[in-house]
file query-v1.txt (compact mmCIF, C-alpha atoms)
# COMPACT_ATOMS: atom_id res chain seq x y z
CA MET V 1 9.72 -148.62 59.97
CA ARG V 2 13.34 -149.12 60.97
CA ILE V 3 14.75 -147.82 64.25
CA GLY V 4 16.41 -144.44 63.91
CA GLU V 5 14.60 -143.62 60.70
CA VAL V 6 11.16 -142.82 62.07
CA PHE V 7 11.72 -139.09 61.65
CA CYS V 8 12.65 -139.30 57.94
CA PRO V 9 9.50 -138.35 56.04
CA GLY V 10 8.39 -139.16 52.52
CA VAL V 11 5.16 -138.65 50.61
CA LEU V 12 3.70 -141.91 51.91
CA HIS V 13 5.58 -141.57 55.21
CA ALA V 14 4.16 -138.30 56.56
CA ILE V 15 5.44 -137.48 60.03
CA GLU V 16 3.77 -135.52 62.79
CA ALA V 17 5.40 -132.17 63.56
CA LYS V 18 4.29 -129.46 65.96
CA ASP V 19 2.46 -127.58 63.20
CA GLY V 20 0.88 -130.66 61.58
CA LEU V 21 1.96 -133.39 59.16
CA LEU V 22 5.12 -133.02 57.11
CA VAL V 23 5.79 -134.70 53.76
CA ARG V 24 9.05 -134.73 51.80
CA ILE V 25 9.12 -135.15 48.02
CA ARG V 26 12.02 -136.81 46.20
CA VAL V 27 13.40 -134.74 43.31
CA PRO V 28 16.40 -136.68 41.88
CA GLY V 29 19.09 -134.29 40.70
CA GLY V 30 16.94 -131.33 41.78
CA TRP V 31 15.36 -131.12 38.30
CA ILE V 32 11.73 -130.11 38.30
CA GLU V 33 9.24 -128.96 35.70
CA GLY V 34 7.00 -125.91 35.75
CA THR V 35 3.85 -128.03 35.60
CA GLN V 36 4.97 -129.95 38.68
CA LEU V 37 5.71 -126.76 40.58
CA ARG V 38 2.30 -125.31 39.74
CA VAL V 39 0.54 -128.33 41.24
CA LEU V 40 2.67 -128.12 44.39
CA ALA V 41 1.93 -124.40 44.71
CA ASP V 42 -1.78 -125.17 44.55
CA LEU V 43 -1.45 -127.96 47.12
CA THR V 44 0.38 -125.82 49.66
CA ARG V 45 -2.07 -122.96 49.10
CA ARG V 46 -5.07 -125.23 49.74
CA PHE V 47 -3.85 -127.83 52.21
CA ALA V 48 -0.52 -126.81 53.82
CA ASP V 49 1.08 -123.71 55.31
CA GLY V 50 1.27 -121.79 52.02
CA SER V 51 4.97 -122.33 51.39
CA LEU V 52 7.16 -124.80 49.54
CA GLU V 53 10.37 -125.68 51.39
CA ILE V 54 13.58 -126.63 49.60
CA THR V 55 15.81 -129.04 51.54
CA SER V 56 19.60 -129.17 51.75
CA ARG V 57 19.59 -132.11 49.33
CA ALA V 58 17.44 -130.31 46.77
CA ASN V 59 14.20 -132.08 47.61
CA LEU V 60 10.91 -130.43 48.59
CA GLN V 61 8.70 -130.33 51.68
CA LEU V 62 5.10 -129.45 52.46
CA ARG V 63 4.20 -128.92 56.11
CA ALA V 64 1.33 -128.04 58.47
CA ILE V 65 -0.95 -130.57 56.75
CA HIS V 66 -4.13 -131.85 58.41
CA GLN V 67 -4.71 -135.61 58.41
CA ARG V 68 -8.00 -135.11 56.57
CA ASP V 69 -6.16 -133.48 53.66
CA LEU V 70 -3.24 -135.88 53.42
CA GLN V 71 -4.72 -138.13 50.73
CA GLN V 72 -5.41 -135.17 48.45
CA ILE V 73 -1.79 -134.08 48.92
CA VAL V 74 -0.57 -137.57 48.01
CA GLU V 75 -2.78 -137.81 44.93
CA GLY V 76 -1.73 -134.36 43.74
CA ILE V 77 1.95 -135.26 44.06
CA ARG V 78 1.37 -138.59 42.32
CA SER V 79 -0.53 -136.92 39.46
CA VAL V 80 2.55 -134.99 38.29
CA GLY V 81 4.99 -137.89 38.47
CA LEU V 82 6.66 -136.99 41.76
CA LEU V 83 5.78 -140.36 43.32
CA PRO V 84 6.94 -142.78 40.60
CA SER V 85 7.53 -145.72 42.97
CA PRO V 86 5.65 -145.98 46.27
CA ARG V 87 8.12 -148.60 47.50
CA HIS V 88 11.03 -146.21 46.95
CA ASP V 89 9.28 -143.17 48.40
CA ARG V 90 12.15 -142.40 50.79
CA VAL V 91 15.05 -143.44 48.54
CA ARG V 92 15.39 -139.85 47.52
CA ASN V 93 18.91 -138.46 47.75
CA ILE V 94 20.42 -138.37 44.28
CA VAL V 95 22.41 -135.15 44.08
CA THR V 96 24.44 -133.34 41.48
CA SER V 97 25.50 -129.83 40.62
CA PRO V 98 22.47 -127.55 40.08
CA ILE V 99 24.20 -126.36 36.92
CA ALA V 100 24.87 -129.89 35.63
CA GLY V 101 25.03 -129.87 31.85
CA LEU V 102 25.34 -126.07 31.86
CA ASP V 103 28.79 -125.77 33.44
CA LYS V 104 31.75 -124.90 31.21
CA GLU V 105 34.13 -126.72 33.55
CA GLU V 106 32.40 -130.11 33.28
CA VAL V 107 34.18 -133.06 31.70
CA ILE V 108 30.92 -134.89 31.00
CA ASP V 109 27.22 -134.08 31.29
CA PRO V 110 26.12 -136.19 34.29
CA ARG V 111 22.39 -135.90 33.66
CA PRO V 112 22.00 -139.15 31.67
CA LEU V 113 23.74 -141.05 34.48
CA ILE V 114 21.45 -139.46 37.09
CA HIS V 115 18.38 -140.53 35.11
CA GLN V 116 19.77 -144.05 34.66
CA LEU V 117 20.59 -144.36 38.37
CA ASP V 118 17.11 -143.24 39.37
CA ARG V 119 15.44 -145.71 36.99
CA GLN V 120 17.53 -148.65 38.16
CA LEU V 121 17.15 -147.81 41.84
CA ARG V 122 13.38 -147.84 41.45
CA ALA V 123 13.44 -151.03 39.38
CA GLU V 124 15.05 -153.13 42.13
CA PRO V 125 12.94 -153.80 45.26
CA GLU V 126 15.96 -154.39 47.51
CA PHE V 127 16.95 -150.72 47.25
CA ALA V 128 13.71 -149.73 48.94
CA ASN V 129 15.55 -150.79 52.13
CA LEU V 130 18.23 -148.12 51.78
CA HIS V 131 18.48 -145.74 54.72
CA PRO V 132 16.37 -142.61 53.95
CA LYS V 133 19.46 -140.45 54.44
CA PHE V 134 21.62 -142.55 52.10
CA SER V 135 22.92 -140.16 49.48
CA PHE V 136 24.27 -140.67 45.95
CA GLY V 137 26.18 -137.99 44.07
CA ILE V 138 27.29 -137.83 40.44
CA TYR V 139 29.31 -134.81 39.33
CA GLY V 140 30.41 -134.06 35.78
CA GLY V 141 33.38 -131.96 36.86
CA PRO V 142 35.14 -130.30 39.80
CA ASN V 143 32.30 -128.07 41.01
CA ARG V 144 30.24 -129.22 43.98
CA PHE V 145 27.76 -127.19 45.99
CA SER V 146 27.19 -129.29 49.09
CA ARG V 147 29.53 -130.04 51.99
CA ASP V 148 27.55 -133.13 52.99
CA LEU V 149 29.54 -136.37 52.98
CA ASP V 150 27.46 -138.28 50.46
CA ASP V 151 27.63 -142.05 50.85
CA ILE V 152 28.66 -142.79 47.27
CA VAL V 153 30.00 -140.20 44.82
CA LEU V 154 31.30 -140.42 41.28
CA GLN V 155 33.20 -137.38 40.02
CA ALA V 156 34.23 -137.06 36.39
CA THR V 157 37.83 -136.27 35.60
CA GLU V 158 39.88 -136.39 32.43
CA SER V 159 43.05 -138.47 32.20
CA ASN V 160 45.05 -139.09 29.02
CA SER V 161 42.21 -137.52 27.00
CA ALA V 162 39.71 -140.04 28.39
CA ALA V 163 36.94 -139.33 30.88
CA HIS V 164 36.71 -141.45 34.01
CA LEU V 165 34.57 -141.14 37.12
CA HIS V 166 36.44 -141.34 40.41
CA LEU V 167 34.70 -143.24 43.20
CA PHE V 168 34.38 -141.65 46.65
CA LEU V 169 32.89 -143.59 49.57
CA GLY V 170 31.70 -141.72 52.65
CA GLY V 171 33.72 -138.68 51.56
CA HIS V 172 36.95 -140.66 51.09
CA SER V 173 38.67 -141.56 47.86
CA SER V 174 38.45 -145.26 46.98
CA GLY V 175 41.59 -144.99 44.89
CA PHE V 176 39.71 -146.21 41.81
CA ALA V 177 37.81 -144.83 38.84
CA VAL V 178 35.44 -146.28 36.25
CA LYS V 179 34.23 -145.38 32.80
CA SER V 180 30.76 -143.96 32.21
CA GLU V 181 29.53 -147.26 30.75
CA VAL V 182 29.72 -149.02 34.14
CA ALA V 183 29.23 -145.99 36.41
CA VAL V 184 25.70 -146.80 37.55
CA GLU V 185 26.51 -150.49 37.96
CA CYS V 186 29.42 -149.45 40.20
CA ILE V 187 27.21 -147.19 42.34
CA LEU V 188 24.52 -149.83 42.82
CA ALA V 189 27.04 -152.54 43.65
CA ALA V 190 28.58 -150.27 46.29
CA ALA V 191 25.16 -149.49 47.77
CA ARG V 192 24.24 -153.16 47.84
CA THR V 193 27.50 -153.99 49.63
CA CYS V 194 26.86 -151.23 52.18
CA MET V 195 23.53 -152.83 53.03
CA GLU V 196 25.07 -156.31 53.28
CA LEU V 197 27.95 -155.22 55.52
CA ALA V 198 25.65 -153.13 57.69
CA HIS V 199 23.42 -156.16 58.27
CA GLU V 200 26.42 -158.39 58.96
CA CYS V 201 28.10 -155.98 61.40
CA CYS V 202 24.99 -154.38 62.96
CA VAL V 203 25.88 -150.81 62.00
CA PRO V 204 23.82 -148.18 60.13
CA ALA V 205 23.71 -148.79 56.38
CA ARG V 206 25.72 -145.67 55.62
CA ALA V 207 29.10 -145.60 53.89
CA LYS V 208 30.68 -143.62 56.73
CA ALA V 209 29.68 -146.33 59.22
CA ILE V 210 31.05 -149.05 56.93
CA LEU V 211 34.37 -147.23 56.60
CA GLY V 212 34.60 -147.20 60.39
CA LEU V 213 34.72 -150.99 60.44
CA PRO V 214 38.13 -152.73 60.45
CA GLY V 215 39.12 -153.02 56.80
CA GLY V 216 35.82 -151.41 55.79
CA LEU V 217 37.14 -149.55 52.74
CA LYS V 218 38.92 -152.66 51.42
CA ARG V 219 35.81 -154.78 51.88
CA LEU V 220 33.80 -152.26 49.89
CA THR V 221 36.30 -151.97 47.05
CA ASP V 222 36.87 -155.76 46.96
CA ALA V 223 33.13 -156.15 46.35
CA LEU V 224 33.55 -154.05 43.21
CA SER V 225 36.54 -155.98 41.83
CA HIS V 226 34.42 -157.64 39.13
CA LEU V 227 34.06 -154.23 37.46
CA PRO V 228 36.67 -152.73 35.11
CA MET V 229 38.07 -150.29 37.65
CA VAL V 230 41.41 -148.54 37.27
CA PRO V 231 43.65 -147.22 40.08
CA ALA V 232 43.46 -143.42 40.15
CA ALA V 233 44.42 -140.53 42.35
CA ALA V 234 41.56 -138.50 43.76
CA PRO V 235 40.77 -135.54 41.48
CA PRO V 236 40.62 -132.05 42.96
CA PHE V 237 37.21 -130.53 43.50
CA LYS V 238 35.82 -127.19 44.65
CA VAL V 239 33.00 -126.88 47.14
CA SER V 240 30.99 -123.66 46.98
CA ASP V 241 28.30 -122.72 49.46
CA GLY V 242 26.02 -121.37 46.76
CA LEU V 243 25.76 -119.27 43.65
CA LEU V 244 24.06 -115.90 43.44
CA GLY V 245 23.26 -113.66 40.50
CA MET V 246 24.03 -114.20 36.83
CA TYR V 247 26.62 -116.66 35.48
CA ALA V 248 27.78 -117.61 32.02
CA ALA V 249 26.40 -120.93 30.78
CA ASN V 250 28.16 -123.30 28.41
CA ARG V 251 26.48 -121.57 25.48
CA GLN V 252 27.62 -118.08 24.61
CA ASP V 253 24.09 -116.76 24.15
CA ARG V 254 22.84 -118.19 27.46
CA VAL V 255 23.26 -117.44 31.17
CA ASN V 256 22.29 -119.11 34.42
CA ILE V 257 20.31 -116.95 36.86
CA VAL V 258 20.42 -117.70 40.59
CA PRO V 259 18.24 -115.73 43.02
CA SER V 260 18.37 -115.89 46.80
CA VAL V 261 15.42 -117.78 48.37
CA PRO V 262 14.84 -116.46 51.92
CA LEU V 263 15.26 -119.36 54.36
CA GLY V 264 14.67 -121.81 51.52
CA ARG V 265 10.93 -121.13 51.45
CA LEU V 266 8.94 -120.18 48.36
CA ASN V 267 5.42 -118.78 48.56
CA PRO V 268 2.84 -119.86 45.93
CA GLU V 269 3.18 -116.62 43.95
CA GLN V 270 6.94 -117.10 43.67
CA VAL V 271 6.46 -120.73 42.69
CA ASP V 272 3.96 -119.77 40.00
CA PHE V 273 6.32 -117.12 38.64
CA LEU V 274 9.25 -119.56 38.45
CA ALA V 275 7.06 -122.08 36.64
CA GLU V 276 5.85 -119.49 34.13
CA ALA V 277 9.34 -118.04 33.60
CA SER V 278 10.87 -121.45 32.95
CA GLU V 279 8.28 -122.13 30.26
CA GLU V 280 8.12 -118.68 28.68
CA TRP V 281 11.90 -118.32 28.41
CA GLU V 282 12.69 -122.03 27.99
CA ALA V 283 14.85 -122.12 31.10
CA ASP V 284 15.96 -125.25 32.96
CA LEU V 285 14.46 -125.12 36.44
CA ARG V 286 16.56 -126.71 39.19
CA LEU V 287 16.49 -126.93 42.96
CA ALA V 288 19.83 -126.34 44.68
CA PRO V 289 21.43 -127.85 47.80
CA TRP V 290 21.87 -124.40 49.36
CA ARG V 291 18.03 -124.47 49.57
CA GLY V 292 17.70 -122.32 46.48
CA VAL V 293 16.73 -122.41 42.82
CA VAL V 294 18.49 -121.99 39.49
CA LEU V 295 16.98 -120.81 36.22
CA GLY V 296 19.47 -122.35 33.84
CA SER V 297 20.31 -121.58 30.22
CA VAL V 298 18.28 -118.37 29.94
CA SER V 299 18.67 -116.29 26.79
CA ARG V 300 20.94 -113.29 27.42
CA SER V 301 18.37 -111.10 25.64
CA VAL V 302 15.84 -111.52 28.45
CA ALA V 303 18.19 -112.01 31.42
CA ASP V 304 18.07 -108.46 32.78
CA ARG V 305 14.29 -108.35 32.54
CA LEU V 306 14.03 -111.67 34.36
CA VAL V 307 16.38 -110.53 37.14
CA GLY V 308 14.25 -107.41 37.64
CA ALA V 309 11.09 -109.50 37.87
CA LEU V 310 12.68 -111.87 40.39
CA ASN V 311 13.78 -108.95 42.55
CA SER V 312 10.23 -107.58 42.51
CA ILE V 313 8.77 -110.78 44.03
CA GLY V 314 11.32 -111.11 46.82
CA LEU V 315 13.85 -113.35 45.07
CA SER V 316 16.84 -111.05 45.07
CA CYS V 317 19.69 -111.71 42.65
CA ASP V 318 22.24 -109.58 44.54
CA GLY V 319 21.68 -110.89 48.09
CA ARG V 320 21.29 -107.42 49.54
CA GLU V 321 17.97 -108.30 51.13
CA GLY V 322 20.09 -109.88 53.88
CA PHE V 323 18.91 -113.48 53.66
CA HIS V 324 21.55 -114.95 51.38
CA GLY V 325 23.55 -117.64 53.19
CA ILE V 326 21.22 -117.78 56.22
CA SER V 327 19.52 -121.08 57.00
CA ALA V 328 17.16 -122.01 59.83
CA CYS V 329 15.31 -125.16 60.86
CA ALA V 330 11.56 -125.21 61.54
CA GLY V 331 12.05 -123.69 64.98
CA ILE V 332 9.67 -123.45 67.88
CA THR V 333 6.56 -122.97 65.73
CA GLY V 334 7.08 -126.19 63.76
CA CYS V 335 9.04 -128.55 66.01
CA GLU V 336 8.42 -129.80 69.55
CA ALA V 337 12.16 -130.22 70.13
CA SER V 338 13.07 -126.63 69.29
CA LEU V 339 14.10 -124.35 72.14
CA ALA V 340 14.02 -121.07 70.21
CA ASP V 341 12.16 -119.23 67.48
CA VAL V 342 15.08 -119.54 65.09
CA ARG V 343 13.16 -118.33 62.05
CA ARG V 344 12.24 -115.11 63.81
CA ASP V 345 15.87 -114.64 64.80
CA ALA V 346 17.03 -115.42 61.24
CA VAL V 347 14.69 -112.71 59.96
CA SER V 348 16.15 -110.30 62.52
CA ILE V 349 19.67 -111.02 61.28
CA ALA V 350 18.60 -110.52 57.67
CA GLN V 351 16.94 -107.21 58.51
CA ARG V 352 20.16 -106.02 60.16
CA LEU V 353 22.22 -107.04 57.10
CA ALA V 354 19.82 -105.68 54.48
CA GLY V 355 21.49 -103.38 51.98
CA GLU V 356 24.99 -104.70 52.64
CA PRO V 357 27.14 -106.74 50.21
CA VAL V 358 27.40 -110.49 50.73
CA PRO V 359 30.87 -111.81 51.60
CA LEU V 360 32.07 -114.82 49.69
CA ARG V 361 31.40 -118.12 51.52
CA TRP V 362 29.07 -116.41 54.02
CA THR V 363 26.82 -119.02 55.66
CA VAL V 364 24.91 -119.00 58.95
CA ASN V 365 23.01 -121.92 60.48
CA LEU V 366 20.35 -121.38 63.15
CA SER V 367 19.28 -124.60 64.90
CA GLY V 368 16.54 -124.93 67.49
CA CYS V 369 18.18 -127.84 69.31
CA GLU V 370 21.29 -130.03 69.41
CA LYS V 371 20.04 -132.27 66.57
CA GLN V 372 20.78 -129.38 64.19
CA CYS V 373 18.43 -130.62 61.45
CA GLY V 374 19.37 -129.28 58.02
CA ARG V 375 22.71 -127.95 59.28
CA ARG V 376 25.31 -127.26 56.60
CA ARG V 377 28.83 -128.32 57.40
CA GLY V 378 31.56 -125.69 57.41
CA ALA V 379 29.33 -122.66 57.99
CA THR V 380 30.77 -119.27 58.92
CA ALA V 381 28.59 -119.26 62.04
CA ASP V 382 26.43 -121.82 63.84
CA LEU V 383 23.81 -120.75 66.37
CA VAL V 384 22.45 -123.66 68.40
CA ALA V 385 19.65 -123.11 70.91
CA ARG V 386 20.12 -124.60 74.39
CA PRO V 387 17.79 -124.41 77.41
CA THR V 388 19.82 -121.44 78.69
CA GLY V 389 20.33 -119.59 75.40
CA TYR V 390 22.23 -119.78 72.14
CA THR V 391 25.69 -121.28 71.71
CA LEU V 392 27.60 -119.51 68.95
CA VAL V 393 30.37 -121.18 66.95
CA ALA V 394 32.03 -118.64 64.67
CA GLU V 395 34.61 -119.67 62.06
CA GLY V 396 35.19 -122.94 63.90
CA SER V 397 35.73 -121.47 67.38
CA LEU V 398 33.40 -121.05 70.34
CA PRO V 399 33.27 -117.35 71.26
CA ALA V 400 29.99 -117.39 73.20
CA SER V 401 27.52 -119.66 74.95
CA ASP V 402 24.26 -119.20 76.87
CA CYS V 403 23.67 -115.86 75.17
CA SER V 404 20.31 -114.22 74.54
CA PRO V 405 18.88 -113.97 71.02
CA GLN V 406 19.79 -110.29 70.87
CA VAL V 407 23.39 -110.90 71.93
CA ALA V 408 23.66 -113.76 69.40
CA ILE V 409 22.23 -111.61 66.61
CA ASP V 410 24.60 -108.75 67.46
CA ALA V 411 27.53 -111.20 67.34
CA VAL V 412 26.55 -112.54 63.91
CA VAL V 413 26.15 -109.01 62.51
CA ALA V 414 29.57 -108.05 63.90
CA LEU V 415 31.05 -111.23 62.36
CA HIS V 416 29.50 -110.32 59.00
CA HIS V 417 31.18 -106.91 59.10
CA ARG V 418 34.51 -108.48 60.05
CA VAL V 419 34.32 -111.12 57.30
CA LEU V 420 33.23 -108.52 54.74
CA SER V 421 36.15 -106.27 55.57
CA GLY V 422 38.60 -109.11 55.02
CA SER V 423 37.19 -110.84 51.94
CA PRO V 424 35.75 -109.86 48.57
CA ALA V 425 31.99 -109.53 48.20
CA ARG V 426 29.86 -111.16 45.56
call {"tool": "encode", "arguments": {"input": "query-v1.txt", "output": "structure tokens"}}
result
Amino acid sequence: MRIGEVFCPGVLHAIEAKDGLLVRIRVPGGWIEGTQLRVLADLTRRFADGSLEITSRANLQLRAIHQRDLQQIVEGIRSVGLLPSPRHDRVRNIVTSPIAGLDKEEVIDPRPLIHQLDRQLRAEPEFANLHPKFSFGIYGGPNRFSRDLDDIVLQATESNSAAHLHLFLGGHSSGFAVKSEVAVECILAAARTCMELAHECCVPARAKAILGLPGGLKRLTDALSHLPMVPAAAPPFKVSDGLLGMYAANRQDRVNIVPSVPLGRLNPEQVDFLAEASEEWEADLRLAPWRGVVLGSVSRSVADRLVGALNSIGLSCDGREGFHGISACAGITGCEASLADVRRDAVSIAQRLAGEPVPLRWTVNLSGCEKQCGRRRGATADLVARPTGYTLVAEGSLPASDCSPQVAIDAVVALHHRVLSGSPAR
């Protein structure tokens, strides 16, 4: 295992955490089937901590696994097609909009390209050496739902009545775009060049690190010059921190339903319900990078009934349970490095906010240590545990440090009230 990557788990690369073994399951594009979810619900009920965790790149985690049960976990995951290539177990980060193909603002449906990219990645052994955090993104239009700087992104835009996909590298525009026909070839060539330059220059095989090299962007784009690329200005895009509630789909008789998932953790009963609902009402089931779920393209005739059922099992569609926008790492119960019980404190914040509207763009990160695992960039508030207490960064400034959990919680609640008074609610 490569230096610096030892703590990046997979299915066949379980890592030891404070509460037991942790496995992470690749879910390209965040698309998952009800049958797959049912098996995972059974596995976590029998062999893990009873919950299914959604990650910030729309993958899944099982934790608190005993070594004696690990093989049964692996075989269960393999049996439903969630381990299609053992060699590429940790080449997992292929992201897109969780409403891809259902978004009225899209220029193209990116789903065929996502499937093609996943197939070709797994077909080539060299890509098994990609850094486990290396991230690909393909977006069919201007809507994005993650602030992470993905290594390689293609975003569809329309120019002169023709669709092109603009290439971003490490969050920066390359200045070029390609047609759909060569989109996946472009992505793979860029990834291959990242690995080659990283080896040559002894830097991490991440696009951001490559761009930090002298002439790094030019070296990357020069490596793609054999492709039919056209100069293009970077298209505008919108980054949202998450959807909530009911939204129109690209069919008039359909809607997308987005509940809040408290701290990104689903219990087996919730998982079973989502699986059954997706099958009974023919909904597209997606995982979302805000550690949530989307039931896409639901018939309007059953939407209200489905929202009521979701509310009844703790998956609120109005966010007034207080958890919407709040994220926390494993904390002191699951991680040796954590200095605070951040999940307990996240629950305390949610309880204080219960019943109140959710401000637009409201996000709070609680991290148990300076590593800030799972942290979302650009949050309204960041709480980071230190040996002497929490440090609070609110709206980009540092108003408090070394404060007790209660003082930190009070500050976040006060910030919520201030933000709510100055911005529209959902």
call {"tool": "closest_residue", "arguments": {"input": "query-v1.txt", "among": "V:Trp281, V:Tyr390, V:Phe47, V:Phe145", "to": "Ile409 in chain V", "atoms": "all atoms listed in the file"}}
result
V:Tyr390
call {"tool": "atom_distance", "arguments": {"input": "query-v1.txt", "atom1": "CA of Ala163 in chain V", "atom2": "CA of Asp151 in chain V"}}
result
22.2 Å
call {"tool": "atom_distance", "arguments": {"input": "query-v1.txt", "atom1": "CA of Gly212 in chain V", "atom2": "CA of Ala189 in chain V"}}
result
19.1 Å
call {"tool": "residues_near_point", "arguments": {"input": "query-v1.txt", "point": "(7.9, -126.5, 51.0)", "cutoff": "8 Å", "atoms": "all atoms listed in the file", "output": "list in words"}}
result
Thr44, Ser51, Leu52, Glu53, Ile54, Leu60, Gln61, Leu62, Arg63, Arg265 and Leu266 of chain V
call {"tool": "closest_residue", "arguments": {"input": "query-v1.txt", "among": "V:Pro231, V:Pro268, V:Gly331, V:Pro125", "to": "Ala48 in chain V", "atoms": "all atoms listed in the file"}}
result
V:Pro268
call {"tool": "closest_residue", "arguments": {"input": "query-v1.txt", "among": "V:Val271, V:Val384, V:Leu392, V:Ile73", "to": "Ala411 in chain V", "atoms": "only C-alpha atoms"}}
result
V:Leu392
call {"tool": "residues_around", "arguments": {"input": "query-v1.txt", "residues": "Ser297 in chain V", "least_positions_apart": "6", "cutoff": "7 Å", "atoms": "all atoms listed in the file", "output": "list of chain:residue names"}}
result
V:Leu102, V:Ala249, V:Arg254, V:Val255, V:Asn256, V:Ala283, V:Asp284
call {"tool": "write_last_selection", "arguments": {"input": "query-v1.txt", "atoms": "C-alpha atoms", "output": "compact mmCIF listing (two decimals), keeping the file's coordinate frame"}}
result
# COMPACT_ATOMS: atom_id res chain seq x y z
CA LEU V 102 25.34 -126.07 31.86
CA ALA V 249 26.40 -120.93 30.78
CA ARG V 254 22.84 -118.19 27.46
CA VAL V 255 23.26 -117.44 31.17
CA ASN V 256 22.29 -119.11 34.42
CA ALA V 283 14.85 -122.12 31.10
CA ASP V 284 15.96 -125.25 32.96
call {"tool": "residues_around", "arguments": {"input": "query-v1.txt", "residues": "Ser225 in chain V", "least_positions_apart": "2", "cutoff": "12 Å", "atoms": "only C-alpha atoms", "output": "list in words"}}
result
Phe176, Ala177, Val178, Cys186, Ala189, Ala190, Lys218, Arg219, Leu220, Thr221, Asp222, Ala223, Leu227, Pro228, Met229, Val230 and Pro231 of chain V
call {"tool": "residues_around", "arguments": {"input": "query-v1.txt", "residues": "Leu398 in chain V", "least_positions_apart": "2", "cutoff": "12 Å", "atoms": "all atoms listed in the file", "output": "list of chain:residue names"}}
result
V:Thr380, V:Ala381, V:Asp382, V:Leu383, V:Val384, V:Tyr390, V:Thr391, V:Leu392, V:Val393, V:Ala394, V:Glu395, V:Gly396, V:Ala400, V:Ser401, V:Asp402, V:Ala411
call {"tool": "residues_around", "arguments": {"input": "query-v1.txt", "residues": "Pro259 in chain V", "least_positions_apart": "4", "cutoff": "7 Å", "atoms": "only C-alpha atoms", "output": "list in words"}}
result
Leu244, Gly245, Val293, Leu315, Ser316 and Cys317 of chain V
call {"tool": "write_last_selection", "arguments": {"input": "query-v1.txt", "atoms": "C-alpha atoms", "output": "PDB file, in the coordinates of the input"}}
result
ATOM      1  CA  LEU V 244      24.060-115.900  43.440  1.00  0.00           C
ATOM      2  CA  GLY V 245      23.260-113.660  40.500  1.00  0.00           C
ATOM      3  CA  VAL V 293      16.730-122.410  42.820  1.00  0.00           C
ATOM      4  CA  LEU V 315      13.850-113.350  45.070  1.00  0.00           C
ATOM      5  CA  SER V 316      16.840-111.050  45.070  1.00  0.00           C
ATOM      6  CA  CYS V 317      19.690-111.710  42.650  1.00  0.00           C
TER       7      CYS V 317
END
call {"tool": "atom_distance", "arguments": {"input": "query-v1.txt", "atom1": "CA of Arg386 in chain V", "atom2": "CA of Gln372 in chain V"}}
result
11.3 Å
call {"tool": "closest_atom_pairs", "arguments": {"input": "query-v1.txt", "of": "range 291-336 of chain V", "to": "range 412-420 of chain V", "cutoff": "12 Å", "atoms": "only C-alpha atoms", "output": "JSON lines"}}
result
{"residue": "V:Gly322", "atom": "CA", "partner": "V:Val413", "partner_atom": "CA", "distance": 10.6}
{"residue": "V:His324", "atom": "CA", "partner": "V:His416", "partner_atom": "CA", "distance": 11.9}
{"residue": "V:Gly325", "atom": "CA", "partner": "V:His416", "partner_atom": "CA", "distance": 11.1}
{"residue": "V:Ile326", "atom": "CA", "partner": "V:Val412", "partner_atom": "CA", "distance": 10.7}
call {"tool": "closest_residue", "arguments": {"input": "query-v1.txt", "among": "V:Ile15, V:Val261, V:Ala340, V:Leu287", "to": "Leu310 in chain V", "atoms": "all atoms listed in the file"}}
result
V:Val261
call {"tool": "closest_residue", "arguments": {"input": "query-v1.txt", "among": "V:Val184, V:Ile32, V:Leu130, V:Leu21", "to": "Val294 in chain V", "atoms": "all atoms listed in the file"}}
result
V:Ile32
call {"tool": "residues_around", "arguments": {"input": "query-v1.txt", "residues": "Gln72 in chain V", "least_positions_apart": "2", "cutoff": "12 Å", "atoms": "all atoms listed in the file", "output": "list in words"}}
result
Val11, Leu12, Val39, Leu40, Asp42, Leu43, Thr44, Arg46, Phe47, Ala48, Ile65, His66, Gln67, Arg68, Asp69, Leu70, Val74, Glu75, Gly76, Ile77, Arg78 and Ser79 of chain V
call {"tool": "closest_residue", "arguments": {"input": "query-v1.txt", "among": "V:Pro357, V:Gly264, V:Pro235, V:Gly308", "to": "Ala288 in chain V", "atoms": "all atoms listed in the file"}}
result
V:Gly264
